[in-house]
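So the structure is just underneath, and the comments pick up after that.
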Amino acid sequence: MDYMWINAGRGRWQALRVVLCLFQLSAVTGQARYSVPEEQAEGSFVGNIARDLGLDVARLISGKARIITKGSRQYVDLNRDKGTLVIKERIDREELCRKTTPCSFSFEVILENPIQLYRVTVEVVDINDNSPSFPKDQIRLSIAENAASGTRFSLLNGNDPDVGLNEIKKYTLKRSDHFILEVQRQNDGGTFIEMVLQNPLDREKEDSHTLVLIASDGGEPRRSGTVRIHVTVLDANDNAPVCIQPVYKADVKENCPDGTVITTVGANDADEGQYGEVLYSLPHLTGDSRQLFEINPKSGEIKVVGKLDFEKSKSYQLKVQASDIGGFTDTCKVIIQVIDENDNVPTIQLMSLSNSISEDSPPGTTIAVVNVDDEDSDRNGVVTCSINDDVPFKIESSLTGYYTVVTDNLLDRESISDYNITITVSDQGSPPLSSSKNITVKVSDVNDCPPKFDQSEYSVTVPENNSPGYSVFTLRASDADSGQNARVSYFAQDTELSGVAVSSLVSVNSDNGVIHAVRSFDYEQIKWFEFNVTVRDAGSPPLTSVATVKILIQDQNDNPPQVLYPVQTGGSLVAEMVPRSADVGYLVSKVVAVDVDSGQNAWLSYKLQKATDRALFEVGLQNGEIRTIRQVSDKDAVKQRLAVIVEDNGQPSRSATVIVNVAVADSFPEVLSEFTDFPHDKEYNDNLTFYLVLALAVVSFLFITCLVVIISVKIYRWRQSRILYHSGLPVIPYYPPRYSDTLGTGTLPHVYNYEVCRTTDSRKSDCKFGTAGSQNVLIMDPSSTGTMQRMQSEKNILDEPDSPLECTADSRIFGRHFL
């Protein structure tokens with residue numbers, strides 16, 4: 001590519017042509033190439049990278065586009081706001097590339113989210129900013145006066161760091177009456193300058209000559225450099241030295257120690273004496289070569305005196321001059337090949353790194369881009385890159401010298417939250433050299449783990465009569481995720497239990513999972529209930545789990561015993577009749593009570609609290625049976641009043657008291673005198689005979705009727721039981737005849753049967769007891785003075801246990817126990 005520059009003094013140069021080459025690779029997205037002159041001022045325009053790569057400025061800004069260079073110097077800077085490349089530091093092509101053409105340097109432009117890598121190559125175009133120069137300010141030659149015409153004398157080459165048109169193109173020799181200049185072009189591109197004697201010298205006429213050698217380049221404007229040649233004319237020396245070989249070749253390892261002998265050159269001179277002595281020199285050494293090699297002037301032995309570096313120069317060409325004392329010379333060439341050694345450790349440069357990667361990233365996700373380099377050559381410069389095997393990642397080659405670290409498997413933050421990746425690069429030298437770099441990648445959490453309860457089912461006991469707000473239990477749930485995804489909340493599923501909403505029974509604190517009772521529980525109403533609690537995390541989308549909570553209500557002794565028998569009525573007086581002939585242990589009555597509590601809170605005990613005569617009666621502790629503890633005598637009062645207390649076994653215990661009236665008598669008239677003290681007693685006594693006769697007649701009639709219509713009575717009883725079942729009236733417990741007490745709590749083992757006989761005039765009613773074996777109960781109403789008797793034999797009861805006899809009369813009832 002050719003460029004023409006109009007004015008070398010301008011501070012800013014323009015790039016004439018940009019070649020952009022984009023290609024797709026797995027990690028490197030594209031490549032661009034620019035050309036720019038050297039010595040451009042800072043801020044000079046290089047190229048529009050955004051346009052040439054097909055990117056917009058917004059992408060450069062959002063992707064945090066930046067330049068990454070291998071070396072310590074950065075010549076070009078990126079203006080993200082404009083998408084352009086500009087000169088950051090003055091570029092000296094001679095310093096950067098020396099004589100290498102074309103001269104260029106490369107760097108990478110990297111963008112993130114997603115990672116994109118672009119390689120940019122900038123070619124530095126030479127300008128004519130260096131003048132030719134010579135290694136020495138002057139050259140001194142001694143030439144015998146008898147030197148034949150055509151004798152050649154080697155001269156020093158000029159040096160111009162510039163290249164191409166700007167390097168040395170012409171040599172000129174001025175004030176040369178005896179000498180001409182010949183320039184020979186070598187196959188390797190170098191030049192060989194010789195001064196040829198054209199006219200014989202005459203020391204007697206002129207013993208010295210001064211010439212000027214001018215080296216000119218081809219740049220614009222043209223630059224030149226000079227060196228003075230001082231020629232001293234000597235007496236005759238008619239034989240010149242001759243090199244044994246025109247070209248010597250030798251190999252030497254880089255990093256060889258100082259003093260290492262490379263080769264030995266030799267030359268012969270046919271003269272004798274001092275004119276036959278040959279001296280060796282390296283007059284044409286330039287630049288770094290002066291610091292690397294030296295020659296023994298007498299033996300021609302060439303040694304290494306500096307540090308050879310294959311990476312800087314792979315070969316050297318030395319021109320050895322053999323000269324005698326008479327000024328005759330000959331020149332031979334020594335070609336030195338530097339052998340590469342594995343002396344450079346491969347390097348790793350991190351181009352891009354994602355410190356965090358989501359655990360749901362698919363395999364193949366790029367987390368890092370690295371550049372590896374080895375300055376050695378051949379096998380010593382061939383590198384392999386690898387990572388440790390204990391991580392779910394792999395490394396892939398994307399472009400020469402570039403590798404990408406990608407995920408190889410699915411990640412699970414709950415198992416491993418971060419990874420330490422060791423990137424190792426090694427060459428194939430002997431012995432191989434390697435280096436490594438560690439990077440840490442954290443796995444960011446996604447909401448992929450639902451919260452879990454400690455148990456799937458919970459069972460909790462709560463005492464009844466708790467206060468509202470009572471803390472029942474604390475649920476515990478954990479979430480293997482982290483951060484917001486691990487923050488859990490608790491919610492009770494609001495369902496109905498037998499028509500009652502769960503929210504009216506309990507509430508769950510959404511933050512800490514504490515279950516509170518909304519109201520006081522009553523064991524007698526609800527003994528247990530269960531509901532579901534949902535735990536939900538704060539992820540997106542949220543995940544949930546469900547646990548079942550069963551709450552058991554624990555009974556408390558909050559209900560006193562309730563006495564079922566004897567029934568306490570407000571207007572009627574109930575009395576148990578005991579014949580005076582009753583023996584010890586005679587069953588007078590039985591107190592029947594229940595407790596709606598459960599367990600030991602419902603265990604009842606019976607005690608005699610008060611009694612008219614404590615020596616006559618006792619109460620069974622467990623069964624509540626009232627029995628005589630001695631023989632009844634005539635001296636015992638007819639009217640006996642017993643106070644029985646019923647206690648449960650709770651803590652503290654609760655109790656109830658019942659009054660039992662006992663009449664010690666053999667007949668109702670004997671009882672009436674004691675229990676009848678109402679205002680209408682006189683009227684009642686006047687009509688007593690009438691009612692007794694009437695009652696006897698009615699009983700006789702019923703007895704005869706029952707024998708005739710026994711089948712009809714059974715049907716009638718069945719119908720009555722059905723009516724009672726649907727009436728909704730309180731149910732009075734019924735104890736079957738001869739019921740046995742198997743649990744020790746006690747029931748009435750005697751047969752209790754009675755009939756109710758009523759007349760239109762209750763004042764003339766009368767009662768008649770049956771034979772022995774029956775129980776007699778007297779019920780007196782304060783508003784009535786009449787009596788009523790009924791007698792039925794035990795034989796009739798056994799024959800017909802389900803056949804009651806009834807006479808419907810007035811509303812005054814006389815009979816046995818109401819159970």
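All residue names refer to the structure tokens as shown: chains lettered A, B, ... in order, residues numbered from 1 in each chain, ligands numbered from 1 in order.
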
For the contact check between range 211-281 of chain A and range 183-195 of chain A, emit one row per residue of range 211-281 of chain A within 12 Å, containing the shortest atom pair and the distance in Å rounded to one decimal, counting only C-alpha atoms, chain then rising number order, as JSON lines.
{"residue": "A:Leu211", "atom": "CA", "partner": "A:Met195", "partner_atom": "CA", "distance": 10.6}
{"residue": "A:Val212", "atom": "CA", "partner": "A:Met195", "partner_atom": "CA", "distance": 11.6}
{"residue": "A:Leu213", "atom": "CA", "partner": "A:Met195", "partner_atom": "CA", "distance": 9.9}
{"residue": "A:Ile214", "atom": "CA", "partner": "A:Ile193", "partner_atom": "CA", "distance": 11.8}
{"residue": "A:Ala215", "atom": "CA", "partner": "A:Ile193", "partner_atom": "CA", "distance": 10.9}
{"residue": "A:Ile229", "atom": "CA", "partner": "A:Met195", "partner_atom": "CA", "distance": 10.3}
{"residue": "A:Val231", "atom": "CA", "partner": "A:Met195", "partner_atom": "CA", "distance": 11.2}

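Proximity to Arg93 in chain A was assessed for A:Val36, A:Leu411, A:Ala602, A:Ala575 counting only C-alpha atoms; the smallest distance is recorded for A:Val36.
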
field: Spatial neighbours of range 102-117 of chain A, 8 Å, only C-alpha atoms, chain gap at least 4 places, as a list in words
entry: Ala27, Val28, Thr29, Gly30, Leu60, Gly63, Lys64, Ala65, Arg66, Ile67, Ile68, Thr69, Lys70, Arg93, Leu96, Cys97, Thr121, Val122, Glu123, Val124, Val125, Met351, Ser352 and Thr366 of chain A

task: Apply DSSP to the backbone of this structure and, from range 465-497 of chain A, keep only the residues in strand (DSSP E or B); write these as a PyMOL selection string.
output: chain A and resi 471-474+477-478+488-492+496-497

Within 10 Å of range 468-476 of chain A using only C-alpha atoms, minus same-chain residues under 2 positions, as a PyMOL selection string: chain A and resi 452-455+458-463+465-466+478+488+490+505-509+512-521+533+535+547+549+551

- prompt: Nearest to Ala582 in chain A among A:Arg627, A:Arg98, A:Lys88, A:Arg152, with distances taken over only C-alpha atoms: which residue is it?
  reply: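 With only C-alpha atoms as the atom set, the closest residue is A:Arg627.
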
query: By how many Å are CA of Ile180 in chain A and CA of Val196 in chain A apart?
result: 5.3 Å

List as a PDB file with C-alpha atoms, in the first residue's frame the protein and nucleic acid residues near range 648-659 of chain A, meaning an atom at most 7 Å away when only C-alpha atoms are counted, but skip any in the same chain fewer than 3 places from it.
ATOM      1  CA  ASN A 557     -61.322 -29.326  85.342  1.00  0.00           C
ATOM      2  CA  PRO A 560     -68.527 -29.222  88.315  1.00  0.00           C
ATOM      3  CA  PRO A 561     -70.383 -32.542  88.599  1.00  0.00           C
ATOM      4  CA  GLN A 562     -74.051 -32.504  87.645  1.00  0.00           C
ATOM      5  CA  GLN A 600     -59.504 -38.013  85.976  1.00  0.00           C
ATOM      6  CA  ASN A 601     -61.425 -34.756  85.934  1.00  0.00           C
ATOM      7  CA  ALA A 602     -64.564 -36.880  85.461  1.00  0.00           C
ATOM      8  CA  TRP A 603     -63.791 -39.399  88.223  1.00  0.00           C
ATOM      9  CA  LEU A 604     -66.459 -38.789  90.886  1.00  0.00           C
ATOM     10  CA  SER A 605     -66.540 -39.594  94.560  1.00  0.00           C
ATOM     11  CA  LEU A 642     -79.115 -36.178 104.083  1.00  0.00           C
ATOM     12  CA  ALA A 643     -76.694 -33.765 102.328  1.00  0.00           C
ATOM     13  CA  VAL A 644     -74.466 -35.654  99.864  1.00  0.00           C
ATOM     14  CA  ILE A 645     -71.494 -33.907  98.232  1.00  0.00           C
TER      15      ILE A 645
END

message: Please list as a PyMOL selection string every residue within 12 Å of Gly624 in chain A, counting only C-alpha atoms and excluding residues in the same chain fewer than 3 positions away.
response: chain A and resi 563-566+587-594+604-608+617-621+627+644-647+658+660+744-748

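A straight line drawn from CA of Leu173 in chain A to CA of Thr210 in chain A is 10.7 Å long.
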
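Each of A:Asp330, A:Asp56, A:Asp288, A:Asp207 was checked against Pro246 in chain A using only C-alpha atoms; the smallest atom-to-atom distance is that of A:Asp330.
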